[in-house]
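File shown: entry34.cif. Contents: mmCIF, C-alpha atoms.
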```cif
data_structure
loop_
_atom_site.label_atom_id
_atom_site.label_comp_id
_atom_site.auth_asym_id
_atom_site.auth_seq_id
_atom_site.Cartn_x
_atom_site.Cartn_y
_atom_site.Cartn_z
CA MET A 7 -10.41 1.80 -3.71
CA ASN A 8 -13.72 2.38 -5.40
CA LYS A 9 -14.54 4.49 -2.37
CA PRO A 10 -17.78 4.22 -0.47
CA LEU A 11 -19.94 7.29 -0.87
CA VAL A 12 -19.91 9.34 2.31
CA GLY A 13 -20.79 12.87 3.36
CA ALA A 14 -17.98 15.39 3.59
CA PHE A 15 -17.89 15.36 7.39
CA LEU A 16 -17.94 11.57 7.66
CA ALA A 17 -15.34 11.25 4.92
CA ALA A 18 -13.04 13.62 6.77
CA LEU A 19 -13.65 11.80 10.04
CA LEU A 20 -12.98 8.31 8.70
CA LEU A 21 -10.52 8.94 5.92
CA GLY A 22 -8.71 12.17 6.61
CA ALA A 23 -8.52 14.90 3.99
CA GLY A 24 -9.35 12.97 0.86
CA ALA A 25 -7.37 9.83 1.73
CA ALA A 26 -9.07 6.48 1.33
CA PRO A 27 -8.37 3.08 -0.15
CA VAL A 28 -11.78 3.20 -1.77
CA VAL A 29 -12.64 6.12 -3.99
CA ALA A 30 -15.71 8.16 -3.10
CA ALA A 31 -17.60 9.42 -6.12
CA GLU A 32 -17.39 13.13 -6.82
CA PRO A 33 -20.53 15.03 -7.96
CA ALA A 34 -19.30 14.97 -11.56
CA GLN A 35 -18.80 11.22 -11.33
CA GLN A 36 -22.32 10.80 -9.99
CA ALA A 37 -23.81 12.84 -12.83
CA GLN A 38 -21.79 10.93 -15.42
CA ALA A 39 -22.77 7.57 -13.95
CA GLN A 40 -26.46 8.52 -13.86
CA GLU A 41 -26.30 9.69 -17.46
CA THR A 42 -24.54 6.51 -18.55
CA ALA A 43 -26.94 4.31 -16.61
CA SER A 44 -29.88 5.90 -18.43
CA LYS A 45 -28.53 4.82 -21.82
CA ALA A 46 -29.18 1.42 -23.32
CA VAL A 47 -26.40 -0.98 -22.36
CA PRO A 48 -26.16 -4.51 -23.75
CA GLU A 49 -27.13 -7.04 -21.06
CA ALA A 50 -24.61 -9.59 -19.88
CA LYS A 51 -25.40 -13.16 -20.87
CA ALA A 52 -26.21 -14.56 -17.45
CA VAL A 53 -26.27 -11.53 -15.17
CA THR A 54 -29.10 -9.37 -13.82
CA PHE A 55 -29.39 -7.25 -10.68
CA ALA A 56 -31.48 -9.87 -8.88
CA GLY A 57 -29.95 -10.52 -5.48
CA THR A 58 -27.77 -7.41 -5.44
CA VAL A 59 -28.28 -4.77 -2.78
CA ALA A 60 -27.59 -1.08 -2.28
CA LEU A 61 -25.95 0.04 0.95
CA SER A 62 -25.91 3.64 2.12
CA ASN A 63 -22.44 4.11 0.66
CA CYS A 64 -21.56 0.98 -1.31
CA SER A 65 -22.87 -1.99 -3.25
CA GLY A 66 -23.35 -5.59 -2.16
CA SER A 67 -25.22 -8.82 -2.74
CA VAL A 68 -27.13 -11.56 -0.96
CA VAL A 69 -24.92 -14.64 -1.18
CA ARG A 70 -24.99 -18.26 -0.12
CA SER A 71 -22.62 -21.18 -0.14
CA PRO A 72 -23.56 -24.35 -2.04
CA ASP A 73 -24.39 -25.97 1.33
CA SER A 74 -26.59 -23.17 2.67
CA ALA A 75 -30.07 -24.27 3.78
CA PRO A 76 -33.23 -22.31 2.92
CA THR A 77 -33.80 -21.74 6.64
CA ASP A 78 -30.34 -20.25 7.22
CA PRO A 79 -30.09 -16.50 7.86
CA ALA A 80 -29.20 -14.76 4.60
CA LEU A 81 -25.72 -13.26 4.26
CA VAL A 82 -24.92 -9.96 2.54
CA LEU A 83 -21.45 -9.60 1.00
CA SER A 84 -19.68 -6.26 0.57
CA ASN A 85 -16.22 -4.77 1.25
CA GLY A 86 -14.46 -4.43 4.56
CA HIS A 87 -13.96 -0.77 3.80
CA CYS A 88 -17.73 -0.36 3.51
CA LEU A 89 -18.36 -1.19 7.19
CA GLU A 90 -20.37 1.46 9.03
CA SER A 91 -17.68 1.48 11.74
CA GLY A 92 -15.04 2.67 9.25
CA PHE A 93 -11.99 1.06 7.69
CA PRO A 94 -10.53 -1.84 9.72
CA GLY A 95 -6.85 -1.23 10.33
CA PRO A 96 -4.13 -3.53 9.00
CA GLY A 97 -4.33 -6.78 10.93
CA GLU A 98 -7.79 -6.00 12.30
CA VAL A 99 -10.57 -8.57 11.92
CA VAL A 100 -14.16 -7.80 12.96
CA VAL A 101 -16.24 -10.80 14.05
CA ASP A 102 -19.80 -11.05 15.42
CA GLN A 103 -20.40 -7.36 16.02
CA PRO A 104 -24.02 -6.16 16.43
CA SER A 105 -25.39 -4.19 13.49
CA SER A 106 -28.77 -2.80 12.49
CA ARG A 107 -27.68 -1.76 9.01
CA THR A 108 -30.25 -1.94 6.23
CA PHE A 109 -29.89 -2.96 2.58
CA THR A 110 -32.17 -2.23 -0.37
CA LEU A 111 -32.82 -5.48 -2.22
CA LEU A 112 -32.98 -5.23 -6.01
CA ASN A 113 -34.83 -7.35 -8.56
CA ALA A 114 -33.56 -8.37 -11.99
CA SER A 115 -34.36 -4.95 -13.47
CA GLY A 116 -32.60 -3.05 -10.71
CA ASP A 117 -35.75 -1.92 -8.94
CA GLY A 118 -35.75 -1.83 -5.16
CA VAL A 119 -38.30 -4.36 -3.96
CA GLY A 120 -37.68 -4.52 -0.22
CA THR A 121 -35.41 -3.78 2.71
CA LEU A 122 -33.22 -6.32 4.47
CA LYS A 123 -31.88 -5.68 7.96
CA ALA A 124 -28.64 -6.89 9.48
CA SER A 125 -28.48 -8.56 12.86
CA LYS A 126 -24.70 -8.42 13.01
CA ILE A 127 -21.45 -8.00 11.15
CA ALA A 128 -20.53 -11.66 10.91
CA TYR A 129 -17.08 -10.89 9.49
CA GLY A 130 -15.10 -7.96 8.18
CA THR A 131 -11.47 -7.19 7.36
CA MET A 132 -9.13 -5.33 5.05
CA THR A 133 -6.19 -7.64 5.74
CA ASP A 134 -5.17 -9.99 2.89
CA THR A 135 -8.61 -9.34 1.39
CA ASP A 136 -11.27 -6.62 1.55
CA LEU A 137 -14.66 -8.05 2.45
CA SER A 138 -17.53 -7.95 4.89
CA LEU A 139 -20.32 -10.41 5.55
CA TYR A 140 -23.48 -9.30 7.31
CA GLU A 141 -25.93 -11.77 8.80
CA THR A 142 -29.49 -10.58 8.23
CA THR A 143 -32.74 -11.08 10.13
CA SER A 144 -34.29 -12.82 7.09
CA THR A 145 -33.72 -16.38 5.92
CA TYR A 146 -33.03 -17.25 2.30
CA GLN A 147 -36.48 -18.82 2.09
CA GLN A 148 -38.20 -15.74 3.50
CA ILE A 149 -36.50 -13.53 0.92
CA GLU A 150 -37.52 -15.85 -1.89
CA ASP A 151 -41.10 -16.14 -0.62
CA SER A 152 -41.48 -12.38 -0.13
CA TYR A 153 -39.67 -11.09 -3.21
CA GLY A 154 -39.15 -14.04 -5.56
CA ILE A 155 -35.39 -13.47 -5.42
CA GLN A 156 -32.77 -16.12 -4.83
CA ALA A 157 -29.35 -15.47 -3.33
CA LEU A 158 -26.31 -15.50 -5.59
CA GLU A 159 -24.21 -18.64 -5.17
CA LEU A 160 -20.54 -18.35 -4.28
CA GLU A 161 -18.10 -20.17 -6.54
CA THR A 162 -15.96 -22.69 -4.65
CA ALA A 163 -12.97 -22.78 -7.03
CA HIS A 164 -10.26 -20.27 -7.86
CA PRO A 165 -11.30 -18.29 -10.97
CA THR A 166 -9.26 -18.43 -14.16
CA ALA A 167 -7.78 -15.73 -16.37
CA GLY A 168 -9.85 -14.95 -19.45
CA THR A 169 -13.19 -15.54 -17.72
CA ALA A 170 -15.91 -13.15 -18.85
CA ILE A 171 -17.29 -11.33 -15.82
CA THR A 172 -19.81 -8.68 -14.86
CA VAL A 173 -19.51 -6.30 -11.93
CA ALA A 174 -23.07 -5.56 -10.82
CA SER A 175 -23.40 -2.40 -8.73
CA GLY A 176 -26.56 -2.24 -6.64
CA TYR A 177 -25.74 1.32 -5.58
CA TRP A 178 -25.63 2.67 -9.12
CA LYS A 179 -27.90 0.02 -10.69
CA ARG A 180 -25.22 -0.29 -13.32
CA THR A 181 -23.11 -3.16 -14.65
CA TYR A 182 -19.54 -3.32 -15.97
CA SER A 183 -18.53 -6.15 -18.30
CA CYS A 184 -14.97 -7.28 -19.00
CA ASP A 185 -12.67 -10.27 -18.48
CA ILE A 186 -10.36 -11.39 -15.72
CA TYR A 187 -6.98 -10.31 -17.06
CA GLY A 188 -4.95 -12.03 -14.38
CA PHE A 189 -4.05 -12.19 -10.69
CA VAL A 190 -1.82 -10.05 -8.49
CA HIS A 191 0.55 -11.60 -5.95
CA GLN A 192 0.20 -8.59 -3.65
CA LEU A 193 -1.85 -5.47 -4.17
CA LYS A 194 -0.73 -2.60 -1.93
CA GLU A 195 -2.77 0.51 -1.26
CA GLY A 196 -1.79 2.90 1.48
CA ARG A 197 -1.63 0.90 4.73
CA TRP A 198 -3.33 -2.18 3.30
CA THR A 199 -2.08 -5.24 1.43
CA TRP A 200 -4.30 -7.77 -0.38
CA LYS A 201 -3.24 -11.14 -1.73
CA ASP A 202 -4.04 -12.88 -5.02
CA SER A 203 -6.27 -10.04 -6.20
CA VAL A 204 -8.24 -10.17 -9.45
CA ARG A 205 -7.12 -7.70 -12.13
CA TYR A 206 -9.76 -6.67 -14.67
CA THR A 207 -9.24 -5.93 -18.32
CA PRO A 208 -9.56 -2.16 -18.97
CA GLU A 209 -13.26 -2.27 -19.92
CA CYS A 210 -14.37 -2.45 -16.26
CA GLN A 211 -14.02 1.21 -15.32
CA THR A 212 -15.65 0.98 -11.91
CA ILE A 213 -16.23 4.16 -9.88
CA GLY A 214 -17.02 5.26 -6.33
CA GLY A 215 -20.08 3.46 -4.99
CA THR A 216 -19.29 0.22 -6.85
CA SER A 217 -17.29 -0.95 -3.84
CA GLY A 218 -18.66 -4.27 -2.64
CA SER A 219 -20.29 -5.20 -5.94
CA PRO A 220 -20.35 -8.91 -6.72
CA VAL A 221 -18.09 -9.99 -9.56
CA ILE A 222 -20.13 -12.58 -11.43
CA ASP A 223 -18.97 -15.24 -13.86
CA ASP A 224 -21.09 -14.64 -16.96
CA ALA A 225 -21.21 -18.33 -17.86
CA THR A 226 -22.24 -19.70 -14.45
CA GLY A 227 -23.90 -16.75 -12.73
CA LYS A 228 -21.80 -17.45 -9.63
CA VAL A 229 -19.90 -14.89 -7.56
CA VAL A 230 -16.14 -15.22 -7.97
CA ALA A 231 -14.95 -12.00 -6.30
CA VAL A 232 -15.99 -8.72 -4.71
CA ASN A 233 -15.07 -5.44 -6.43
CA ASN A 234 -12.90 -3.14 -4.31
CA THR A 235 -10.36 -0.75 -5.86
CA GLY A 236 -8.53 0.79 -8.81
CA ASN A 237 -5.56 2.99 -9.62
CA GLU A 238 -6.97 6.44 -10.31
CA SER A 239 -4.06 8.71 -11.14
CA GLY A 240 -0.96 6.59 -11.67
CA GLN A 241 0.58 7.12 -8.22
CA GLU A 242 2.45 4.24 -6.61
CA CYS A 243 0.95 2.35 -3.64
CA THR A 244 -0.96 5.36 -2.27
CA ASP A 245 -4.58 5.64 -1.19
CA ASN A 246 -6.78 5.24 -4.28
CA ASN A 247 -3.71 4.20 -6.29
CA PRO A 248 -2.88 0.57 -5.55
CA CYS A 249 0.30 -0.93 -6.95
CA GLU A 250 1.09 -4.52 -7.84
CA VAL A 251 4.00 -6.33 -6.17
CA ASP A 252 5.18 -9.63 -7.66
CA GLU A 253 6.93 -12.56 -5.96
CA ASN A 254 10.31 -10.89 -6.49
CA GLY A 255 9.24 -7.57 -4.98
CA GLU A 256 8.98 -5.81 -8.34
CA VAL A 257 6.40 -3.00 -8.28
CA THR A 258 4.09 -2.24 -11.21
CA VAL A 259 1.62 0.62 -11.46
CA ARG A 260 -1.33 0.30 -13.84
CA GLU A 261 -3.18 3.59 -14.04
CA GLY A 262 -6.88 3.20 -14.80
CA ILE A 263 -6.96 -0.53 -14.00
CA ASN A 264 -9.40 -1.87 -11.40
CA TYR A 265 -9.34 -4.85 -9.08
CA ALA A 266 -11.38 -7.25 -6.95
CA GLN A 267 -10.82 -9.73 -4.14
CA GLN A 268 -11.54 -13.42 -4.64
CA THR A 269 -14.28 -15.08 -2.59
CA TYR A 270 -13.80 -18.82 -3.11
CA ASN A 271 -11.58 -19.08 -0.03
CA MET A 272 -14.31 -17.81 2.28
CA VAL A 273 -16.84 -20.50 1.29
CA PRO A 274 -15.38 -23.15 3.63
CA CYS A 275 -15.71 -20.63 6.50
CA ILE A 276 -19.53 -20.63 6.23
CA GLY A 277 -21.00 -23.31 8.45
CA ALA A 278 -24.50 -24.46 9.36
CA GLY A 279 -26.90 -21.64 10.09
CA SER A 280 -24.68 -19.19 8.15
CA LYS A 281 -22.26 -19.08 11.06
CA ILE A 282 -18.74 -17.96 10.21
CA ASP A 283 -16.25 -20.44 11.66
CA LEU A 284 -12.67 -19.43 10.95
CA ASN A 285 -11.41 -22.78 12.22
CA ARG A 286 -13.29 -24.89 9.67
CA GLU A 287 -11.14 -26.94 7.34
CA GLY A 288 -10.21 -25.00 4.21
CA CYS A 289 -11.22 -21.60 5.59
CA GLY A 290 -8.84 -19.05 4.09
CA LEU A 291 -9.93 -15.88 5.90
CA PRO A 292 -7.63 -14.07 8.35
CA LYS A 293 -8.36 -14.62 12.03
CA PRO A 294 -8.50 -11.94 14.75
#
```
Once more with this new file: its structure as structure tokens, please.
Amino acid sequence: MNKPLVGAFLAALLLGAGAAPVVAAEPAQQAQAQETASKAVPEAKAVTFAGTVALSNCSGSVVRSPDSAPTDPALVLSNGHCLESGFPGPGEVVVDQPSSRTFTLLNASGDGVGTLKASKIAYGTMTDTDLSLYETTSTYQQIEDSYGIQALELETAHPTAGTAITVASGYWKRTYSCDIYGFVHQLKEGRWTWKDSVRYTPECQTIGGTSGSPVIDDATGKVVAVNNTGNESGQECTDNNPCEVDENGEVTVREGINYAQQTYNMVPCIGAGSKIDLNREGCGLPKP
């Protein structure tokens, strides 16, 4: 995975000696990313940092469904492997767990303009997908009134191959632009398996700390996926080296290629008041 950034002790505690489905950035990576971020990079057509957030170890974004009301509590989207409680095990689903986590809200230029606070982990898992949704103590309207920033809207339809996308990392304040190359029947990494994952074209060379970044359709500005992993060294199906498994069980390894998890199937799970209801019609998220 594009590991969350953690201290050495915490990394050892949660991940073991260097093992993790999401790749933590090494000091050299951090220096390289900071140097790259300081250079002029062409802006994506429809994408800014507005609405993205920085977590302590990952990236994320304030998101809403098309039916969300201004008075609903705002939701923050990131990866399941970015949860402060550590990686959920295979088959584990976290629902309605108290949280006081904070998020730095960014404006269009990538400047931190305020702090949002979670009231709970509304949902989190690494089974079939790799995502987390935090409910915050602020409503969408309060965020807009205080900071002039609107939440990113979630796309309701399955994305298509060839779509131009931007991965916007609030942690690094850096974007990665490429296309959706295709979709993976099963993506296996260590103990985890994800279904119908998005495969990027090679231009999106995401790194540690980009975990949880929204994947944004350049044409619509809507979120179509959440960035989560990549094959670092060409190993097969190991931590930090996911492999692709097709419908016939054939395994393919694509060194240097990165991936994301689609988000359209979670939109029907978001009910009135931003409540996550896994029994709503069309909800495609795993249940506890």
task: In Å, rounded to a single decimal, give me how far CA of Thr58 in chain A is from CA of Thr121 in chain A.
output: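 If I compute the distance from CA of Thr121 in chain A to CA of Thr58 in chain A, I get 11.7 Å.
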Shell of 10 Å around Thr166 in chain A, only C-alpha atoms, local chain residues under 4 positions omitted, as an mmCIF file with C-alpha atoms, keeping the file's coordinate frame:
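Result file is selection-v8.cif:
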```cif
data_model
loop_
_atom_site.group_PDB
_atom_site.id
_atom_site.type_symbol
_atom_site.label_atom_id
_atom_site.label_comp_id
_atom_site.auth_asym_id
_atom_site.auth_seq_id
_atom_site.Cartn_x
_atom_site.Cartn_y
_atom_site.Cartn_z
ATOM 1 C CA ALA A 170 -15.910 -13.150 -18.850
ATOM 2 C CA ASP A 185 -12.670 -10.270 -18.480
ATOM 3 C CA ILE A 186 -10.360 -11.390 -15.720
ATOM 4 C CA TYR A 187 -6.980 -10.310 -17.060
ATOM 5 C CA GLY A 188 -4.950 -12.030 -14.380
ATOM 6 C CA PHE A 189 -4.050 -12.190 -10.690
ATOM 7 C CA VAL A 204 -8.240 -10.170 -9.450
ATOM 8 C CA VAL A 230 -16.140 -15.220 -7.970
#
```
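Using all atoms listed in the file, the contacts of Leu158 in chain A at a cut-off of 7 Å, with sequence neighbours closer than 5 positions omitted, comprise Gly57, Val68, Val69, Arg70, Lys228 and Val229 of chain A.
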message: I'd like to know which of A:Gly86, A:Pro76, A:Gly118, A:Gly215 is closest to Gln267 in chain A, using all atoms listed in the file.
response: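 Looking at the shortest contact to Gln267 in chain A, the residue is A:Gly86.
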query: Care to translate the PyMOL selection byres ((chain A and resi 224) around 12) into actual residues of this file, as an NGL selection string?
result: :A and (49-54 or 168-174 or 181-186 or 220-223 or 225-230)
Shell around range 148-155 of chain A at 9 Å using all atoms listed in the file, local window under 3 positions removed, as an MDAnalysis selection string: chainID A and resid 56:57 76:77 80 111:114 119:120 122 144:145
Atoms to include: C-alpha atoms. Write the selected residues as a PDB file, in the frame of the given file.
```pdb
ATOM      1  CA  ALA A  56     -31.480  -9.870  -8.880  1.00  0.00           C
ATOM      2  CA  GLY A  57     -29.950 -10.520  -5.480  1.00  0.00           C
ATOM      3  CA  PRO A  76     -33.230 -22.310   2.920  1.00  0.00           C
ATOM      4  CA  THR A  77     -33.800 -21.740   6.640  1.00  0.00           C
ATOM      5  CA  ALA A  80     -29.200 -14.760   4.600  1.00  0.00           C
ATOM      6  CA  LEU A 111     -32.820  -5.480  -2.220  1.00  0.00           C
ATOM      7  CA  LEU A 112     -32.980  -5.230  -6.010  1.00  0.00           C
ATOM      8  CA  ASN A 113     -34.830  -7.350  -8.560  1.00  0.00           C
ATOM      9  CA  ALA A 114     -33.560  -8.370 -11.990  1.00  0.00           C
ATOM     10  CA  VAL A 119     -38.300  -4.360  -3.960  1.00  0.00           C
ATOM     11  CA  GLY A 120     -37.680  -4.520  -0.220  1.00  0.00           C
ATOM     12  CA  LEU A 122     -33.220  -6.320   4.470  1.00  0.00           C
ATOM     13  CA  SER A 144     -34.290 -12.820   7.090  1.00  0.00           C
ATOM     14  CA  THR A 145     -33.720 -16.380   5.920  1.00  0.00           C
TER      15      THR A 145
END
```
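Separating CA of Phe93 in chain A from CA of Thr131 in chain A is a distance of 8.3 Å.
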message: For a quick check of understanding, using all atoms listed in the file, which of A:Val99, A:Leu160, A:Ala167, A:Met132 has the smallest distance to Trp198 in chain A?
response: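 Closest to Trp198 in chain A, using all atoms listed in the file: A:Met132.
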message: Can you translate the PyMOL selection byres ((chain A and resi 244) around 12) into the concrete residues it hits in this file, as a PyMOL selection string?
response: chain A and resi 7+24-29+193-199+235-243+245-250+259
field: Residue IDs satisfying the PyMOL selection byres ((chain A and resi 106) around 7), as a count of residues only
entry: 7
message: Counting only C-alpha atoms, which residue out of A:Cys64, A:Val82, A:Met272, A:Val190 sits closest to Ala163 in chain A?
response: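 Closest candidate: A:Met272.
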- request: List the neighbours of Gly277 in chain A out to 12 Å using all atoms listed in the file; skip same-chain residues closer than 6 positions along the sequence, and give me the result as a ChimeraX atom specification.
  value: /A:70-75,78-79,81,128,283-289
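Between Val59 in chain A and the residues A:Asn8, A:Asn254, A:Ser175, A:Ser280, the shortest atom-to-atom distance, using all atoms listed in the file, involves A:Ser175.
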Length of the CA of Tyr270 in chain A to CA of Glu161 in chain A vector [Å]: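 According to the coordinates, CA of Tyr270 in chain A and CA of Glu161 in chain A are separated by 5.7 Å.
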Please enclose the listed atoms of range 173-182 of chain A in an axis-aligned box, pad each side by 6 Å, and write out the centre and the three edge lengths in Å, rounded to one decimal, as lines of an AutoDock Vina configuration file.
```
center_x = -23.7
center_y = -1.8
center_z = -10.8
size_x = 20.4
size_y = 21.0
size_z = 22.4
```
field: Distance criterion (only C-alpha atoms): nearest to Tyr129 in chain A out of A:Glu98, A:Glu253, A:Asp117, A:Glu209
entry: A:Glu98
message: Calculated over only C-alpha atoms, which of the candidates A:Ser67, A:Glu261, A:His87, A:Leu61 has the smallest distance to Gln156 in chain A?
response: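 Of A:Ser67, A:Glu261, A:His87, A:Leu61, the one nearest Gln156 in chain A is A:Ser67, counting only C-alpha atoms.
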message: Residues within 9 Å of Lys179 in chain A, please, as a list in words. Count all atoms listed in the file; anything in the same chain fewer than 6 positions from it doesn't count.
response: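 These residues fall inside the cut-off: Ala43, Phe55, Ala60, Leu112, Ser115, Gly116 and Asp117 of chain A.
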